[in-house]
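Here is entry36.tsv, consisting of TSV, C-alpha atoms:
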chain	number	residue	atom	x	y	z
A	1	ILE	CA	-20.52	9.06	-19.80
A	2	SER	CA	-20.30	6.18	-17.40
A	3	ASP	CA	-22.69	7.33	-14.69
A	4	PHE	CA	-24.54	10.31	-13.22
A	5	SER	CA	-21.47	11.59	-11.42
A	6	SER	CA	-19.49	11.95	-14.66
A	7	ARG	CA	-18.11	15.49	-14.95
A	8	ASP	CA	-18.91	15.45	-18.69
A	9	PHE	CA	-22.55	14.71	-17.87
A	10	VAL	CA	-22.75	17.53	-15.33
A	11	LEU	CA	-21.21	19.95	-17.85
A	12	CYS	CA	-23.68	18.79	-20.49
A	13	LEU	CA	-26.61	19.54	-18.17
A	14	GLU	CA	-25.20	22.91	-17.17
A	15	ASN	CA	-24.70	23.93	-20.81
A	16	GLN	CA	-28.25	23.18	-21.97
A	17	LEU	CA	-30.51	26.13	-22.76
A	18	CYS	CA	-33.44	24.38	-21.13
A	19	LYS	CA	-32.62	23.34	-17.57
A	20	ARG	CA	-35.70	21.16	-16.98
A	21	PHE	CA	-35.22	17.43	-17.59
A	22	LEU	CA	-37.59	14.48	-17.55
A	23	TYR	CA	-36.00	11.59	-15.68
A	24	THR	CA	-37.45	8.33	-16.96
A	25	GLY	CA	-35.29	5.81	-15.13
A	26	GLY	CA	-35.70	4.14	-11.79
A	27	GLY	CA	-33.64	4.64	-8.67
A	28	PHE	CA	-32.01	7.71	-7.28
A	29	ILE	CA	-30.38	10.66	-8.95
A	30	PRO	CA	-27.37	11.79	-6.91
A	31	SER	CA	-28.06	14.84	-4.74
A	32	ALA	CA	-25.21	16.66	-6.52
A	33	LEU	CA	-27.34	16.63	-9.70
A	34	ILE	CA	-30.62	17.40	-7.92
A	35	ASN	CA	-28.95	20.42	-6.35
A	36	LEU	CA	-27.37	21.84	-9.53
A	37	SER	CA	-28.21	25.53	-9.70
A	38	GLY	CA	-31.11	26.21	-12.06
A	39	VAL	CA	-31.53	22.55	-13.04
A	40	THR	CA	-34.74	20.67	-12.25
A	41	PHE	CA	-35.67	17.06	-12.79
A	42	LEU	CA	-39.24	15.92	-13.34
A	43	HIS	CA	-40.34	12.33	-12.93
A	44	ILE	CA	-43.38	10.19	-13.66
A	45	HIS	CA	-44.11	7.71	-10.91
A	46	PRO	CA	-46.63	4.84	-11.33
A	47	GLY	CA	-48.29	5.46	-7.98
A	48	LYS	CA	-50.46	8.11	-6.38
A	49	LEU	CA	-48.25	10.55	-4.49
A	50	PRO	CA	-47.87	11.23	-1.68
A	51	GLU	CA	-49.66	8.07	-0.55
A	52	MET	CA	-47.63	5.51	-2.48
A	53	ARG	CA	-43.85	5.87	-2.87
A	54	GLY	CA	-41.19	3.41	-3.88
A	55	ALA	CA	-40.99	0.28	-6.00
A	56	ASP	CA	-43.59	-1.83	-7.79
A	57	CYS	CA	-46.28	0.79	-7.28
A	58	THR	CA	-48.21	-0.45	-10.31
A	59	TYR	CA	-48.71	-3.73	-8.46
A	60	TRP	CA	-49.25	-2.08	-5.07
A	61	SER	CA	-51.92	0.18	-6.61
A	62	TRP	CA	-53.70	-2.85	-8.00
A	63	LEU	CA	-53.53	-4.71	-4.70
A	64	LEU	CA	-54.64	-1.85	-2.46
A	65	ASN	CA	-56.91	0.17	-4.78
A	66	GLY	CA	-57.90	-2.19	-7.59
A	67	ARG	CA	-56.70	0.30	-10.19
A	68	SER	CA	-53.65	2.14	-11.47
A	69	ALA	CA	-52.45	5.60	-10.55
A	70	GLY	CA	-49.62	7.88	-11.52
A	71	SER	CA	-47.95	11.12	-10.51
A	72	PHE	CA	-45.81	13.77	-12.19
A	73	PHE	CA	-43.53	15.70	-9.84
A	74	PHE	CA	-40.37	17.73	-9.33
A	75	MET	CA	-37.68	15.41	-8.00
A	76	GLU	CA	-35.90	16.07	-4.73
A	77	CYS	CA	-33.55	13.88	-2.73
A	78	GLY	CA	-35.33	10.91	-1.22
A	79	ILE	CA	-37.77	8.28	-2.41
A	80	ASP	CA	-40.31	9.97	-4.70
A	81	ASP	CA	-39.93	13.28	-2.85
A	82	GLY	CA	-40.79	16.62	-4.39
A	83	ASP	CA	-43.66	18.91	-5.22
A	84	VAL	CA	-46.46	17.19	-7.14
A	85	ILE	CA	-47.97	18.59	-10.33
A	86	VAL	CA	-50.32	15.71	-11.26
A	87	SER	CA	-51.42	12.79	-9.09
A	88	GLU	CA	-54.47	10.81	-10.09
A	89	TYR	CA	-56.07	7.46	-10.70
A	90	LEU	CA	-56.17	6.29	-14.30
A	91	PRO	CA	-59.12	4.97	-16.26
A	92	ILE	CA	-59.63	1.24	-15.86
A	93	ALA	CA	-57.72	-0.57	-18.58
A	94	GLN	CA	-58.49	-4.17	-19.34
A	95	ILE	CA	-55.71	-6.72	-19.39
A	96	ASN	CA	-56.74	-10.12	-20.70
A	97	ASP	CA	-56.38	-12.97	-18.23
A	98	VAL	CA	-52.67	-13.57	-17.86
A	99	THR	CA	-52.64	-14.93	-14.30
A	100	HIS	CA	-52.66	-18.49	-15.63
A	101	THR	CA	-48.95	-18.33	-16.46
A	102	ASN	CA	-46.60	-20.00	-14.01
A	103	ASP	CA	-43.68	-17.87	-15.11
A	104	ALA	CA	-43.95	-14.92	-12.73
A	105	LYS	CA	-40.77	-13.26	-14.04
A	106	THR	CA	-42.07	-13.19	-17.61
A	107	LEU	CA	-45.39	-11.78	-16.44
A	108	TYR	CA	-43.61	-9.14	-14.33
A	109	ARG	CA	-41.42	-8.11	-17.28
A	110	ALA	CA	-44.44	-7.96	-19.59
A	111	ILE	CA	-46.33	-5.64	-17.22
A	112	PHE	CA	-43.34	-3.31	-16.96
A	113	SER	CA	-42.58	-3.50	-20.69
A	114	PHE	CA	-46.10	-2.85	-21.97
A	115	TYR	CA	-48.50	-1.69	-19.25
A	116	ASP	CA	-46.18	0.55	-17.23
A	117	PRO	CA	-45.30	2.68	-20.32
A	118	TRP	CA	-49.03	3.24	-20.85
A	119	VAL	CA	-49.37	4.48	-17.25
A	120	ARG	CA	-46.43	6.83	-17.68
A	121	SER	CA	-47.55	8.11	-21.08
A	122	TYR	CA	-51.06	8.75	-19.74
A	123	ILE	CA	-49.62	10.82	-16.88
A	124	LEU	CA	-47.23	12.63	-19.23
A	125	ARG	CA	-50.15	13.57	-21.47
A	126	ARG	CA	-52.07	14.84	-18.42
A	127	ALA	CA	-49.00	16.80	-17.31
A	128	ILE	CA	-48.74	18.46	-20.71
A	129	GLN	CA	-52.40	19.50	-20.42
A	130	VAL	CA	-52.24	20.64	-16.80
A	131	THR	CA	-49.04	22.67	-17.29
A	132	ASP	CA	-50.15	24.30	-20.54
A	133	GLU	CA	-47.39	22.46	-22.40
A	134	PHE	CA	-44.90	22.92	-19.55
A	135	ASN	CA	-45.39	26.67	-19.31
A	136	THR	CA	-47.25	26.85	-15.98
A	137	PHE	CA	-46.45	24.69	-12.99
A	138	ASN	CA	-48.84	24.57	-10.04
A	139	ARG	CA	-46.75	22.77	-7.45
A	140	HIS	CA	-48.30	21.01	-4.49
A	141	PRO	CA	-46.00	20.09	-1.60
A	142	GLN	CA	-46.33	16.51	-0.44
A	143	ASN	CA	-47.66	15.82	3.02
A	144	SER	CA	-45.23	13.17	4.26
A	145	SER	CA	-47.65	12.10	7.00
A	146	LEU	CA	-49.81	10.62	4.21
A	147	SER	CA	-46.88	8.72	2.67
A	148	MET	CA	-45.98	5.10	2.80
A	149	ASN	CA	-42.88	3.56	1.22
A	150	PHE	CA	-43.41	0.39	-0.77
A	151	TYR	CA	-40.79	-2.15	-1.76
A	152	PHE	CA	-40.45	-4.79	-4.46
A	153	MET	CA	-43.40	-7.16	-4.23
A	154	HIS	CA	-43.02	-10.92	-3.81
A	155	GLU	CA	-44.06	-13.01	-6.82
A	156	LYS	CA	-46.96	-14.65	-4.99
A	157	LEU	CA	-48.35	-11.29	-3.97
A	158	GLN	CA	-47.89	-10.01	-7.53
A	159	LYS	CA	-50.33	-12.66	-8.76
A	160	VAL	CA	-52.86	-11.62	-6.12
A	161	ALA	CA	-52.47	-7.95	-7.11
A	162	LEU	CA	-52.89	-8.70	-10.81
A	163	GLY	CA	-55.94	-10.84	-10.07
A	164	ARG	CA	-57.48	-8.02	-8.05
A	165	PHE	CA	-56.88	-5.60	-10.92
A	166	GLN	CA	-58.35	-7.98	-13.50
A	167	ASN	CA	-61.45	-8.56	-11.36
A	168	SER	CA	-62.11	-4.81	-11.20
A	169	THR	CA	-62.56	-4.48	-14.99
With the file now loaded, output its structure as structure tokens.
Amino acid sequence: ISDFSSRDFVLCLENQLCKRFLYTGGGFIPSALINLSGVTFLHIHPGKLPEMRGADCTYWSWLLNGRSAGSFFFMECGIDDGDVIVSEYLPIAQINDVTHTNDAKTLYRAIFSFYDPWVRSYILRRAIQVTDEFNTFNRHPQNSSLSMNFYFMHEKLQKVALGRFQNST
């Protein structure tokens, strides 16, 4: 398949016995897929929903809360929209001092290659526990009046956010 709108991909989804899928990528899933009859997509977001939607939420969580958070939810159209199953702050994890590097892109990639998977795996483990191994889903609608959309963070602000996180451990 070449993309989400591929007819072969849609047929593959429709022909699966289990119609619940974990979406692990970033960005949007086309509404045509979200609205497939009987098909649901679940997603793990590295921010506390509904308060923190959008991009770079690992960094935004550090900057605004001094710690990481994550959420597990049913995807709907829109930025991190859908009923929430798990949304919580994570235990404080120590990251050795890495703010001394001048290469912000390398640091950014390292956080999203090594730390972000820990956040997502922690929330996935919690979701497995809370849902009794995906057998029981207690869905909580999001209150959009509590939401704020966040966008990709500037490199200088990323260093401030990481420093705030490191000082909280």
Shell around Thr24 in chain A at 12 Å using all atoms listed in the file, local window under 6 positions removed, as a ChimeraX atom specification: /A:41-46,72-73,75,116-117,120-121,124
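Residue nearest Arg164 in chain A within the list A:Ile128, A:Ala93, A:Val119, A:Leu64: A:Leu64 [criterion: smallest interatomic distance, all atoms listed in the file].
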Two-atom distance - CA of Ile85 in chain A, CA of His140 in chain A (Å):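 We find that CA of Ile85 in chain A and CA of His140 in chain A lie 6.3 Å from each other.
Among the candidates A:Phe165, A:Phe21, A:Tyr151, A:Trp118, the one nearest to Ile34 in chain A when counting only C-alpha atoms is A:Phe21.
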Selected residue, from A:Cys18, A:Glu155, A:Ser31, A:Lys48, that lies nearest to Arg109 in chain A when counting all atoms listed in the file: A:Glu155
